[in-house]
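Engineer: Contents of work35.txt (compact mmCIF, C-alpha atoms) are given next:
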# COMPACT_ATOMS: atom_id res chain seq x y z
CA MET A 20 119.91 -62.64 30.42
CA THR A 21 117.76 -60.14 32.24
CA THR A 22 115.14 -57.89 30.71
CA ALA A 23 117.38 -54.89 31.32
CA ASP A 24 120.10 -56.64 29.32
CA LEU A 25 117.64 -57.17 26.51
CA HIS A 26 116.66 -53.50 26.53
CA ARG A 27 120.30 -52.60 26.07
CA MET A 28 120.57 -54.75 22.97
CA THR A 29 118.62 -52.34 20.74
CA GLY A 30 121.81 -50.73 19.41
CA ALA A 31 123.57 -54.01 18.69
CA TYR A 32 120.42 -55.31 17.04
CA ALA A 33 120.01 -52.24 14.84
CA LEU A 34 123.63 -52.63 13.71
CA ASP A 35 123.22 -56.37 13.01
CA ALA A 36 125.84 -56.93 15.69
CA LEU A 37 124.07 -59.74 17.51
CA PRO A 38 125.06 -63.35 16.89
CA ASP A 39 122.20 -65.38 15.37
CA GLU A 40 121.02 -66.94 18.61
CA GLU A 41 120.91 -63.65 20.48
CA ARG A 42 119.19 -61.98 17.56
CA ALA A 43 116.42 -64.57 17.86
CA THR A 44 116.16 -64.01 21.60
CA PHE A 45 115.96 -60.27 21.12
CA GLU A 46 113.33 -60.48 18.39
CA HIS A 47 111.29 -62.63 20.72
CA HIS A 48 111.58 -59.94 23.39
CA LEU A 49 110.85 -57.17 20.90
CA ALA A 50 107.40 -58.55 20.21
CA ALA A 51 106.41 -57.90 23.80
CA CYS A 52 108.28 -54.63 24.45
CA GLU A 53 106.72 -51.49 23.02
CA PRO A 54 109.49 -49.05 24.10
CA CYS A 55 112.11 -51.38 22.63
CA THR A 56 110.19 -51.52 19.37
CA GLN A 57 110.17 -47.75 19.11
CA GLU A 58 113.83 -47.39 20.01
CA THR A 59 114.83 -50.21 17.69
CA ALA A 60 112.96 -48.57 14.82
CA GLU A 61 114.73 -45.26 15.45
CA LEU A 62 118.14 -46.84 15.79
CA SER A 63 117.62 -48.93 12.66
CA ALA A 64 116.72 -45.74 10.80
CA THR A 65 119.92 -44.21 12.18
CA ALA A 66 121.96 -47.17 11.01
CA ALA A 67 120.42 -46.76 7.56
CA ARG A 68 121.84 -43.23 7.50
CA LEU A 69 125.29 -44.72 8.01
CA GLY A 70 124.49 -46.76 4.93
CA LEU A 71 123.30 -43.81 2.84
CA ALA A 72 126.50 -41.98 3.67
CA VAL A 73 128.59 -44.55 1.81
CA ALA A 74 126.49 -44.74 -1.36
CA VAL A 75 128.55 -45.42 -4.47
CA THR A 76 127.82 -45.46 -8.18
CA PRO A 77 126.88 -48.93 -9.33
CA PRO A 78 128.53 -50.31 -12.47
CA ALA A 79 126.59 -49.54 -15.62
CA GLY A 80 125.79 -53.13 -16.54
CA MET A 81 124.21 -54.03 -13.24
CA ARG A 82 120.93 -52.27 -13.88
CA GLU A 83 120.16 -54.31 -16.96
CA GLN A 84 121.20 -57.54 -15.26
CA VAL A 85 118.98 -56.95 -12.25
CA LEU A 86 116.02 -55.84 -14.34
CA HIS A 87 116.47 -58.98 -16.39
CA ARG A 88 116.80 -61.24 -13.37
CA ILE A 89 113.57 -60.12 -11.75
CA THR A 90 111.55 -61.16 -14.78
CA ALA A 91 112.26 -64.76 -13.78
CA VAL A 92 111.59 -64.27 -10.06
CA ARG A 93 108.14 -64.84 -8.71
CA GLN A 94 107.03 -62.41 -6.04
CA GLN A 95 105.86 -63.49 -2.61
CA SER A 96 102.18 -63.28 -1.96
CA PRO A 97 101.28 -60.65 0.65
CA GLY A 98 100.23 -63.67 2.70
CA PRO A 99 99.29 -64.02 6.35
CA LEU A 100 102.91 -63.47 7.38
CA ALA A 101 102.58 -59.86 6.31
CA THR A 102 100.40 -59.16 9.30
CA ALA A 103 102.33 -61.28 11.79
CA ARG A 104 104.62 -59.65 14.30
CA PRO A 105 108.27 -60.52 13.73
CA THR A 106 108.11 -63.15 16.40
CA ARG A 107 107.42 -66.75 17.05
CA THR A 108 106.10 -67.48 13.61
CA GLY A 109 109.30 -66.16 12.12
CA LEU A 110 111.44 -68.08 14.54
CA ARG A 111 109.56 -71.24 13.94
CA ALA A 112 109.81 -70.84 10.22
CA ARG A 113 113.53 -70.30 10.58
CA GLN A 114 113.94 -73.40 12.70
CA LEU A 115 111.98 -75.37 10.20
CA SER A 116 113.92 -74.05 7.24
CA ARG A 117 117.16 -74.94 8.98
CA TRP A 118 116.27 -78.58 8.65
CA ALA A 119 114.78 -78.19 5.24
CA LEU A 120 117.97 -76.51 4.11
CA ALA A 121 120.18 -79.09 5.75
CA ALA A 122 118.31 -81.71 3.79
CA CYS A 123 118.67 -79.56 0.69
CA LEU A 124 122.39 -79.26 1.29
CA ALA A 125 122.77 -83.01 1.68
CA ALA A 126 120.87 -83.54 -1.57
CA ALA A 127 122.86 -80.84 -3.32
CA ALA A 128 126.15 -82.25 -2.04
CA ALA A 129 125.28 -85.51 -3.72
CA LEU A 130 125.14 -83.62 -7.01
CA GLY A 131 128.64 -82.29 -6.61
CA GLY A 132 130.15 -78.95 -5.68
CA THR A 133 129.50 -77.10 -8.89
CA ALA A 134 125.82 -77.91 -8.86
CA VAL A 135 125.65 -76.73 -5.28
CA TRP A 136 126.88 -73.30 -6.18
CA GLN A 137 124.62 -73.04 -9.16
CA HIS A 138 121.60 -73.63 -7.04
CA GLN A 139 120.11 -70.46 -5.66
CA ARG A 140 119.22 -72.16 -2.38
CA ALA A 141 122.64 -73.67 -1.94
CA GLU A 142 124.22 -70.55 -0.63
CA ASP A 143 121.60 -70.26 2.06
CA ALA A 144 122.14 -73.89 2.91
CA LEU A 145 125.86 -73.34 3.15
CA ARG A 146 125.29 -70.43 5.46
CA GLN A 147 123.08 -72.64 7.58
CA ALA A 148 125.72 -75.33 7.63
CA ARG A 149 128.28 -72.82 8.79
CA ALA A 150 125.89 -71.60 11.45
CA ALA A 151 125.66 -75.24 12.52
CA GLU A 152 129.45 -75.34 12.74
CA ARG A 153 129.42 -72.25 14.89
CA GLN A 154 126.82 -73.90 17.06
CA THR A 155 129.13 -76.90 17.42
CA ASP A 156 131.81 -74.55 18.66
CA GLU A 157 129.39 -73.05 21.14
CA ILE A 158 128.39 -76.49 22.34
CA ALA A 159 132.05 -77.36 22.83
CA ALA A 160 132.55 -74.14 24.77
CA VAL A 161 129.72 -75.00 27.16
CA LEU A 162 130.87 -78.58 27.64
CA ALA A 163 134.44 -77.44 28.25
CA ALA A 164 133.57 -74.58 30.61
CA PRO A 165 135.29 -74.91 33.99
CA ASP A 166 131.94 -74.50 35.73
CA ALA A 167 130.01 -76.96 33.53
CA ARG A 168 127.66 -79.13 35.59
CA ALA A 169 125.69 -82.09 34.29
CA GLN A 170 122.39 -83.67 35.22
CA ALA A 171 121.24 -86.92 33.64
CA THR A 172 117.92 -88.69 33.38
CA THR A 173 116.38 -91.66 31.61
CA LEU A 174 113.61 -90.89 29.16
CA ASP A 175 110.67 -93.09 28.27
CA GLY A 176 111.84 -95.77 25.88
CA GLY A 177 115.23 -96.01 27.53
CA ALA A 178 116.96 -92.99 25.98
CA THR A 179 119.35 -91.12 28.20
CA GLY A 180 119.23 -87.37 28.38
CA THR A 181 121.89 -85.19 29.96
CA VAL A 182 121.80 -81.48 30.40
CA VAL A 183 125.07 -79.60 30.80
CA VAL A 184 124.87 -76.08 32.16
CA SER A 185 127.57 -73.45 32.39
CA ARG A 186 126.62 -70.47 34.51
CA SER A 187 129.60 -68.45 33.29
CA GLN A 188 128.54 -68.96 29.68
CA ASP A 189 124.88 -68.71 30.66
CA ARG A 190 124.16 -71.49 28.20
CA ALA A 191 122.91 -75.05 28.39
CA VAL A 192 123.39 -78.07 26.15
CA PHE A 193 121.10 -81.07 26.01
CA VAL A 194 122.76 -84.32 25.02
CA VAL A 195 120.61 -87.30 24.19
CA ALA A 196 121.40 -90.86 23.20
CA GLY A 197 119.01 -93.46 21.85
CA MET A 198 116.08 -91.09 21.36
CA GLU A 199 113.12 -92.54 19.48
CA HIS A 200 112.22 -90.73 16.29
CA PRO A 201 109.21 -88.48 16.84
CA PRO A 202 105.99 -89.58 15.14
CA GLY A 203 105.37 -88.05 11.70
CA GLY A 204 104.56 -84.35 11.80
CA LYS A 205 105.96 -83.99 15.32
CA VAL A 206 109.20 -82.71 16.78
CA TYR A 207 110.84 -82.67 20.16
CA GLU A 208 110.92 -79.16 21.52
CA LEU A 209 113.19 -77.99 24.31
CA TRP A 210 112.15 -75.57 27.03
CA PHE A 211 113.75 -73.56 29.76
CA ASP A 212 111.83 -73.86 33.01
CA ASP A 213 111.53 -70.35 34.45
CA GLY A 214 110.04 -71.27 37.79
CA GLY A 215 107.23 -73.28 36.23
CA THR A 216 106.84 -71.16 33.08
CA MET A 217 108.20 -72.85 30.01
CA ARG A 218 110.28 -70.72 27.66
CA PRO A 219 110.94 -72.10 24.14
CA ALA A 220 114.59 -73.15 23.74
CA GLY A 221 114.64 -74.62 20.26
CA LEU A 222 113.90 -77.86 18.52
CA MET A 223 115.75 -81.14 18.25
CA ASP A 224 116.65 -82.72 14.96
CA PRO A 225 113.87 -85.26 14.41
CA ALA A 226 116.10 -87.43 12.24
CA ARG A 227 118.77 -88.18 14.81
CA ALA A 228 118.69 -90.56 17.75
CA ASP A 229 121.91 -89.19 19.24
CA GLN A 230 122.55 -85.49 19.33
CA ALA A 231 123.81 -82.55 21.32
CA VAL A 232 121.67 -79.44 21.09
CA LEU A 233 122.54 -75.97 22.30
CA LEU A 234 119.44 -74.62 23.99
CA ARG A 235 118.37 -71.45 22.21
CA GLY A 236 118.84 -68.35 24.30
CA ALA A 237 120.47 -67.70 27.64
CA VAL A 238 119.82 -69.77 30.75
CA ASP A 239 118.97 -66.48 32.45
CA GLY A 240 118.27 -67.99 35.83
CA ALA A 241 116.09 -70.86 34.59
CA SER A 242 115.74 -73.60 37.18
CA GLY A 243 115.65 -76.46 34.72
CA MET A 244 114.59 -77.64 31.31
CA GLY A 245 111.97 -79.85 29.73
CA VAL A 246 111.31 -81.72 26.50
CA THR A 247 107.87 -82.05 24.91
CA LEU A 248 106.50 -83.51 21.72
CA GLU A 249 105.08 -80.71 19.56
CA PRO A 250 103.65 -80.30 16.07
CA ALA A 251 106.33 -79.80 13.41
CA GLY A 252 107.75 -76.32 13.65
CA GLY A 253 107.38 -76.25 17.41
CA SER A 254 105.01 -74.37 19.66
CA ALA A 255 105.20 -71.14 21.61
CA ARG A 256 103.97 -73.01 24.69
CA PRO A 257 104.04 -76.69 25.49
CA THR A 258 100.93 -78.44 24.18
CA SER A 259 101.71 -81.79 25.79
CA GLU A 260 103.07 -83.20 29.01
CA PRO A 261 106.86 -83.18 29.13
CA ILE A 262 108.52 -86.48 28.25
CA ALA A 263 111.50 -85.34 30.26
CA ARG A 264 112.12 -82.70 32.88
CA LEU A 265 115.50 -81.97 34.37
CA GLY A 266 116.45 -79.58 37.13
CA PHE A 267 119.66 -77.69 36.52
CA PRO A 268 122.44 -78.73 38.87
CA ALA A 269 123.23 -76.03 41.42
CA MET B 74 113.64 -39.99 7.06
CA LYS B 75 111.49 -38.68 4.21
CA GLU B 76 114.42 -36.83 2.71
CA ALA B 77 116.39 -40.05 2.35
CA VAL B 78 113.94 -41.20 -0.27
CA HIS B 79 115.30 -38.71 -2.74
CA ILE B 80 118.92 -39.65 -2.37
CA GLY B 81 121.18 -37.40 -4.34
CA ARG B 82 118.41 -36.13 -6.54
CA ASN B 83 116.01 -33.29 -6.77
CA PRO B 84 113.18 -34.22 -4.43
CA SER B 85 110.44 -32.49 -6.36
CA SER B 86 111.15 -34.40 -9.56
CA GLU B 87 111.30 -37.86 -7.96
CA PRO B 88 108.35 -40.06 -7.19
CA ASP B 89 108.16 -41.17 -3.59
CA LEU B 90 110.11 -44.36 -2.93
CA GLN B 91 107.43 -45.63 -0.60
CA GLU B 92 104.84 -45.32 -3.30
CA LEU B 93 107.14 -46.95 -5.85
CA VAL B 94 107.66 -49.96 -3.61
CA GLY B 95 103.90 -50.19 -3.30
CA ARG B 96 103.69 -50.45 -7.08
CA VAL B 97 106.53 -52.98 -7.15
CA ALA B 98 104.47 -55.06 -4.74
CA LEU B 99 101.84 -55.27 -7.47
CA GLY B 100 104.39 -56.56 -9.98
CA ASP B 101 105.13 -53.22 -11.69
CA GLU B 102 108.53 -53.69 -13.37
CA ASP B 103 108.83 -50.03 -14.39
CA ALA B 104 108.37 -49.01 -10.78
CA PHE B 105 111.08 -51.49 -9.86
CA ALA B 106 113.44 -49.86 -12.36
CA SER B 107 112.85 -46.53 -10.59
CA VAL B 108 113.45 -48.17 -7.22
CA TYR B 109 116.68 -49.59 -8.61
CA ASP B 110 117.82 -46.13 -9.66
CA ALA B 111 117.10 -44.74 -6.22
CA VAL B 112 118.62 -47.48 -4.09
CA ALA B 113 121.27 -49.41 -6.06
CA GLY B 114 124.01 -46.93 -5.11
CA PRO B 115 123.31 -46.99 -1.37
CA VAL B 116 122.86 -50.77 -1.39
CA LEU B 117 126.17 -51.32 -3.15
CA GLY B 118 127.81 -48.83 -0.80
CA VAL B 119 126.61 -50.65 2.30
CA VAL B 120 127.54 -54.07 0.97
CA ARG B 121 130.94 -52.95 -0.23
CA ALA B 122 131.76 -51.23 3.04
CA VAL B 123 131.28 -54.58 4.77
CA LEU B 124 132.62 -57.00 2.16
CA ARG B 125 135.45 -54.87 0.71
CA ASP B 126 135.59 -57.04 -2.38
CA GLN B 127 134.07 -55.38 -5.44
CA ALA B 128 133.02 -58.54 -7.31
CA GLN B 129 131.42 -60.15 -4.27
CA SER B 130 129.75 -56.86 -3.39
CA GLU B 131 128.18 -56.57 -6.80
CA GLU B 132 126.95 -60.14 -6.56
CA VAL B 133 125.39 -59.58 -3.14
CA THR B 134 123.94 -56.24 -4.25
CA GLN B 135 122.17 -57.98 -7.11
CA GLU B 136 120.82 -60.58 -4.71
CA VAL B 137 119.52 -57.87 -2.40
CA LEU B 138 117.78 -56.03 -5.22
CA VAL B 139 116.18 -59.22 -6.49
CA GLU B 140 115.08 -59.87 -2.90
CA VAL B 141 113.48 -56.42 -2.82
CA TRP B 142 111.48 -57.38 -5.88
CA ARG B 143 110.55 -60.77 -4.45
CA THR B 144 109.51 -59.62 -0.99
CA ALA B 145 108.03 -56.21 -1.80
CA PRO B 146 104.47 -57.56 -1.31
CA ARG B 147 105.37 -58.19 2.33
CA TYR B 148 106.98 -54.83 2.99
CA ARG B 149 105.08 -53.06 5.76
CA PRO B 150 105.30 -49.25 5.63
CA ASP B 151 104.17 -49.00 9.25
CA ARG B 152 107.37 -50.75 10.32
CA GLY B 153 109.71 -48.22 8.74
CA THR B 154 110.49 -46.38 5.53
CA ALA B 155 111.25 -48.25 2.34
CA ILE B 156 114.87 -47.12 2.27
CA ASN B 157 115.33 -48.41 5.84
CA TRP B 158 113.83 -51.72 4.88
CA ILE B 159 116.07 -52.05 1.85
CA LEU B 160 119.27 -50.97 3.56
CA THR B 161 118.55 -53.25 6.51
CA LEU B 162 118.15 -56.10 4.05
CA ALA B 163 121.42 -55.11 2.37
CA HIS B 164 123.38 -54.81 5.58
CA ARG B 165 122.11 -58.08 6.94
CA ARG B 166 122.94 -59.92 3.73
CA ALA B 167 126.44 -58.44 3.67
CA VAL B 168 127.00 -59.27 7.33
CA ASP B 169 125.79 -62.85 6.85
CA ARG B 170 128.19 -63.21 3.96
CA VAL B 171 131.19 -61.74 5.72
CA ARG B 172 130.57 -63.83 8.82
CA SER B 173 130.25 -67.06 6.89
CA VAL B 174 133.35 -66.30 4.85
CA GLU B 175 135.41 -65.28 7.81
CA ALA B 176 134.11 -67.79 10.30
CA ALA B 177 136.99 -70.13 9.63
CA ALA B 178 139.56 -67.40 9.18
CA ALA B 179 141.54 -65.48 11.73
CA ARG B 180 138.72 -63.09 12.32
CA ASP B 181 138.99 -63.37 16.07
CA HIS B 182 142.58 -62.23 16.06
CA LYS B 183 142.45 -58.95 17.80
CA ALA B 184 145.47 -57.58 16.00
CA ALA B 185 143.91 -58.32 12.64
CA LEU B 186 140.70 -56.59 13.63
CA LEU B 187 142.38 -53.49 14.91
CA GLU B 188 144.46 -53.31 11.80
CA ARG B 189 141.22 -53.10 9.89
CA THR B 190 139.60 -50.55 12.14
CA PRO B 191 137.99 -48.30 9.56
CA GLU B 192 138.68 -44.67 9.09
CA PHE B 193 135.44 -43.08 8.11
CA ASP B 194 137.17 -41.39 5.20
CA GLU B 195 138.13 -44.74 3.85
CA VAL B 196 134.53 -45.85 3.42
CA THR B 197 133.30 -42.58 1.98
CA GLU B 198 135.58 -42.30 -0.99
CA GLN B 199 132.72 -41.82 -3.42
CA VAL B 200 131.14 -38.52 -4.31
CA GLU B 201 127.45 -39.33 -4.39
CA ALA B 202 125.16 -38.30 -1.58
CA ARG B 203 127.66 -35.71 -0.51
CA LEU B 204 125.41 -33.82 1.86
CA GLU B 205 124.27 -36.98 3.54
CA ARG B 206 127.86 -38.05 3.97
CA GLU B 207 128.93 -34.71 5.37
CA GLN B 208 126.11 -34.71 7.87
CA VAL B 209 126.82 -38.26 9.02
CA ARG B 210 130.51 -37.51 9.26
CA ARG B 211 129.85 -34.40 11.31
CA CYS B 212 127.52 -36.27 13.64
CA LEU B 213 129.94 -39.19 14.04
CA ARG B 214 132.40 -36.62 15.39
CA THR B 215 129.98 -35.87 18.24
CA LEU B 216 130.42 -39.42 19.52
CA THR B 217 133.12 -40.38 21.98
CA GLU B 218 136.07 -42.17 20.41
CA ILE B 219 134.95 -45.53 21.80
CA GLN B 220 131.35 -45.01 20.70
CA ARG B 221 132.46 -44.05 17.22
CA GLN B 222 134.81 -46.99 16.87
CA ALA B 223 132.24 -49.43 18.23
CA VAL B 224 129.48 -48.19 15.92
CA THR B 225 131.66 -48.07 12.81
CA LEU B 226 133.25 -51.48 13.47
CA ALA B 227 129.81 -52.99 13.85
CA TYR B 228 128.17 -51.28 10.89
CA TYR B 229 130.95 -50.89 8.36
CA ARG B 230 132.82 -54.08 9.22
CA GLY B 231 129.95 -56.31 10.21
CA LEU B 232 131.43 -57.21 13.60
CA THR B 233 129.27 -58.69 16.33
CA TYR B 234 129.25 -56.84 19.65
CA ARG B 235 131.42 -59.65 21.00
CA GLU B 236 134.01 -58.97 18.34
CA VAL B 237 133.70 -55.24 18.96
CA ALA B 238 134.34 -55.90 22.65
CA GLU B 239 137.42 -57.91 21.83
CA ALA B 240 138.75 -55.42 19.32
CA LEU B 241 138.36 -52.50 21.69
CA THR B 242 139.17 -54.43 24.87
CA LEU B 243 135.80 -53.73 26.44
CA PRO B 244 133.64 -55.94 28.65
CA LEU B 245 130.74 -57.45 26.69
CA GLY B 246 128.11 -55.39 28.49
CA THR B 247 130.03 -52.20 27.84
CA ALA B 248 130.33 -52.97 24.14
CA LYS B 249 126.57 -53.42 23.94
CA THR B 250 125.99 -50.18 25.81
CA ARG B 251 128.45 -48.22 23.65
CA LEU B 252 126.71 -49.43 20.49
CA ARG B 253 123.42 -48.27 21.92
CA ASP B 254 124.41 -44.91 23.37
CA GLY B 255 126.59 -44.17 20.35
CA LEU B 256 123.69 -44.81 18.03
CA ILE B 257 121.36 -42.77 20.24
CA ARG B 258 123.72 -39.82 20.08
CA LEU B 259 123.94 -40.21 16.31
CA ARG B 260 120.15 -40.41 16.09
CA ASP B 261 119.75 -37.18 18.03
CA CYS B 262 122.41 -35.36 16.03
CA LEU B 263 120.87 -36.46 12.72
CA GLY B 264 117.36 -35.76 13.97
CA VAL B 265 116.17 -39.22 12.98
CA THR B 266 112.62 -40.17 13.81
CA ALA B 267 111.30 -43.61 13.05
Reformat the file's structure so that it appears as structure tokens.
Structural biologist:
Amino acid sequence: MTTADLHRMTGAYALDALPDEERATFEHHLAACEPCTQETAELSATAARLGLAVAVTPPAGMREQVLHRITAVRQQSPGPLATARPTRTGLRARQLSRWALAACLAAAAALGGTAVWQHQRAEDALRQARAAERQTDEIAAVLAAPDARAQATTLDGGATGTVVVSRSQDRAVFVVAGMEHPPGGKVYELWFDDGGTMRPAGLMDPARADQAVLLRGAVDGASGMGVTLEPAGGSARPTSEPIARLGFPA
Amino acid sequence: MKEAVHIGRNPSSEPDLQELVGRVALGDEDAFASVYDAVAGPVLGVVRAVLRDQAQSEEVTQEVLVEVWRTAPRYRPDRGTAINWILTLAHRRAVDRVRSVEAAAARDHKAALLERTPEFDEVTEQVEARLEREQVRRCLRTLTEIQRQAVTLAYYRGLTYREVAEALTLPLGTAKTRLRDGLIRLRDCLGVTA
């Protein structure tokens, strides 16, 4: 995806019309693009007017219910996040929570379906699980693309890593088998190699030795990909030497 | 967007929503009750436009309002007005819900989507915020047919631009562009400033 493409996404973003992955890519871009920030703010305000235009009268009982519910809900602290730009921190937190929620879902599933639904977090977890399903579909789409090309390598410790790239889909999937678990407090982070500059492309599941991961964001002309070991939550830039580096097949 | 704060009410008699949210951020439950009165109708309207189902919409609306309470301390006025923040929250929640519910269903069937192409009238059946509605309706008429359909499918039906492209038989890039230039035209007609 080119920068011009990203600029054009302001409308889709303001209307919540970007799929999750592209929303993350755009938010990443937004942090560094002042004109986009301004336009996005204006278009979001415009979208809100579409919302105001369909206001309805809420049922009478709802007010009391909501006012009652909030008495049991603890407010967030203003916290350091309040001053952060809606960028890497947010993305990292989201990546992290994806795993936390997956774990939560697994735990909740053990309690049975009813308990799942009664748990406030469960719905989020379910949404995450469905997002994971969608990601599986996207992975399948890349692997099945007529122009899919693969490049394999052997990682330290004997694991095999294969990257599959589809130029038509502009996406890449990293498939690994026999990966060692990362040390405690660390994760494997994936990167697009933009001519020597590493662009974050998501995290691997630290709990799985075999997995296929859709790299976050578009290939967008990247020449290859890398894998590094990073502190839990991932980093905005690699903080260690890559344990694997693969050029994309032409 | 200052006027939006006083939705459907006499502006001079209403405290400023921005200021109310500031008090909510400090744990003021009375201020939250006033915020509820100002925004519950628009929130339910947005959610219901997307979800269509009254019971689910009420459930999601309650979740959104509780979320407003919970996250008010992190609301940043410099990023946009309070009503924008709240309606963005509402729309996103509704869209997340509709996408998760419909992910497995025949959502990608073009015929099904087109069948559900909204008429603006259909989503504005209520009488509140009449002036707002009239103005938005008038400005939507200044859009081209494709722009209007793209924008309304995305906002009122929660479609992604990819689904909009499919529904309207547009290339992906064109769908993105129509959403943007449609919204820009709407912005200019409504005189929205961020």
Engineer: How many Å lie between atom CA of Val75 of chain A and atom CA of Gly118 of chain B, rounded to one decimal?
Structural biologist: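 One can read the atom CA of Val75 of chain A to atom CA of Gly118 of chain B distance as 5.1 Å.
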Engineer: If we draw a sphere of 12 Å around (133.0, -51.7, 24.4), which residues have at least one atom in it when counting all atoms listed in the file? Please report them as number ranges by chain.
Structural biologist: A: 31; B: 217-224, 226-227, 233-255
Engineer: Since we have the selection now, will you write its residues out, keeping C-alpha atoms, as a PDB file, in the coordinates of the input?
Structural biologist:
ATOM      1  CA  ALA A  31     123.570 -54.010  18.690  1.00  0.00           C
TER       2      ALA A  31
ATOM      3  CA  THR B 217     133.120 -40.380  21.980  1.00  0.00           C
ATOM      4  CA  GLU B 218     136.070 -42.170  20.410  1.00  0.00           C
ATOM      5  CA  ILE B 219     134.950 -45.530  21.800  1.00  0.00           C
ATOM      6  CA  GLN B 220     131.350 -45.010  20.700  1.00  0.00           C
ATOM      7  CA  ARG B 221     132.460 -44.050  17.220  1.00  0.00           C
ATOM      8  CA  GLN B 222     134.810 -46.990  16.870  1.00  0.00           C
ATOM      9  CA  ALA B 223     132.240 -49.430  18.230  1.00  0.00           C
ATOM     10  CA  VAL B 224     129.480 -48.190  15.920  1.00  0.00           C
ATOM     11  CA  LEU B 226     133.250 -51.480  13.470  1.00  0.00           C
ATOM     12  CA  ALA B 227     129.810 -52.990  13.850  1.00  0.00           C
ATOM     13  CA  THR B 233     129.270 -58.690  16.330  1.00  0.00           C
ATOM     14  CA  TYR B 234     129.250 -56.840  19.650  1.00  0.00           C
ATOM     15  CA  ARG B 235     131.420 -59.650  21.000  1.00  0.00           C
ATOM     16  CA  GLU B 236     134.010 -58.970  18.340  1.00  0.00           C
ATOM     17  CA  VAL B 237     133.700 -55.240  18.960  1.00  0.00           C
ATOM     18  CA  ALA B 238     134.340 -55.900  22.650  1.00  0.00           C
ATOM     19  CA  GLU B 239     137.420 -57.910  21.830  1.00  0.00           C
ATOM     20  CA  ALA B 240     138.750 -55.420  19.320  1.00  0.00           C
ATOM     21  CA  LEU B 241     138.360 -52.500  21.690  1.00  0.00           C
ATOM     22  CA  THR B 242     139.170 -54.430  24.870  1.00  0.00           C
ATOM     23  CA  LEU B 243     135.800 -53.730  26.440  1.00  0.00           C
ATOM     24  CA  PRO B 244     133.640 -55.940  28.650  1.00  0.00           C
ATOM     25  CA  LEU B 245     130.740 -57.450  26.690  1.00  0.00           C
ATOM     26  CA  GLY B 246     128.110 -55.390  28.490  1.00  0.00           C
ATOM     27  CA  THR B 247     130.030 -52.200  27.840  1.00  0.00           C
ATOM     28  CA  ALA B 248     130.330 -52.970  24.140  1.00  0.00           C
ATOM     29  CA  LYS B 249     126.570 -53.420  23.940  1.00  0.00           C
ATOM     30  CA  THR B 250     125.990 -50.180  25.810  1.00  0.00           C
ATOM     31  CA  ARG B 251     128.450 -48.220  23.650  1.00  0.00           C
ATOM     32  CA  LEU B 252     126.710 -49.430  20.490  1.00  0.00           C
ATOM     33  CA  ARG B 253     123.420 -48.270  21.920  1.00  0.00           C
ATOM     34  CA  ASP B 254     124.410 -44.910  23.370  1.00  0.00           C
ATOM     35  CA  GLY B 255     126.590 -44.170  20.350  1.00  0.00           C
TER      36      GLY B 255
END
Engineer: Set the cut-off to 9 Å and count only C-alpha atoms: what are the residues of chain A that reach chain B? Output as a ChimeraX atom specification.
Structural biologist: /A:24,27-31,33-38,57-78,81-82,84-86,88-90,92-98,100-102,145-146,149-150,153
Engineer: Mind giving me the straight-line distance from atom CA of Arg190 of chain A to atom CA of His48 of chain A in Å, one decimal?
Structural biologist: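 Interatomic distance, atom CA of Arg190 of chain A to atom CA of His48 of chain A: 17.7 Å.
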Engineer: Just want the 8 Å neighbourhood of Met217 of chain A, counted on all atoms listed in the file, with same-chain residues fewer than 2 positions away dropped. Output as a list in words.
Structural biologist: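 Final neighbour list, sorted by chain and number: Trp210, Phe211, Asp212, Asp213, Gly215, Pro219, Gly245, Arg256 and Pro257 of chain A.
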Engineer: May I ask for the distance between atom CA of Gly197 of chain A and atom CA of Gln230 of chain A, given in Å to one decimal place?
Structural biologist: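 According to the coordinates, atom CA of Gly197 of chain A and atom CA of Gln230 of chain A are separated by 9.1 Å.
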Engineer: Which of these, A:Leu234, A:Phe45, A:Ser254, A:Ala169, has the shortest distance to Thr155 of chain A once you count only C-alpha atoms?
Structural biologist: A:Leu234
Engineer: Between A:Asp239, A:Glu199, A:Glu260, A:Asp229, which one has atoms that come closest to Ser185 of chain A, using only C-alpha atoms?
Structural biologist: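 Using only C-alpha atoms, Ser185 of chain A sits closest to A:Asp239.
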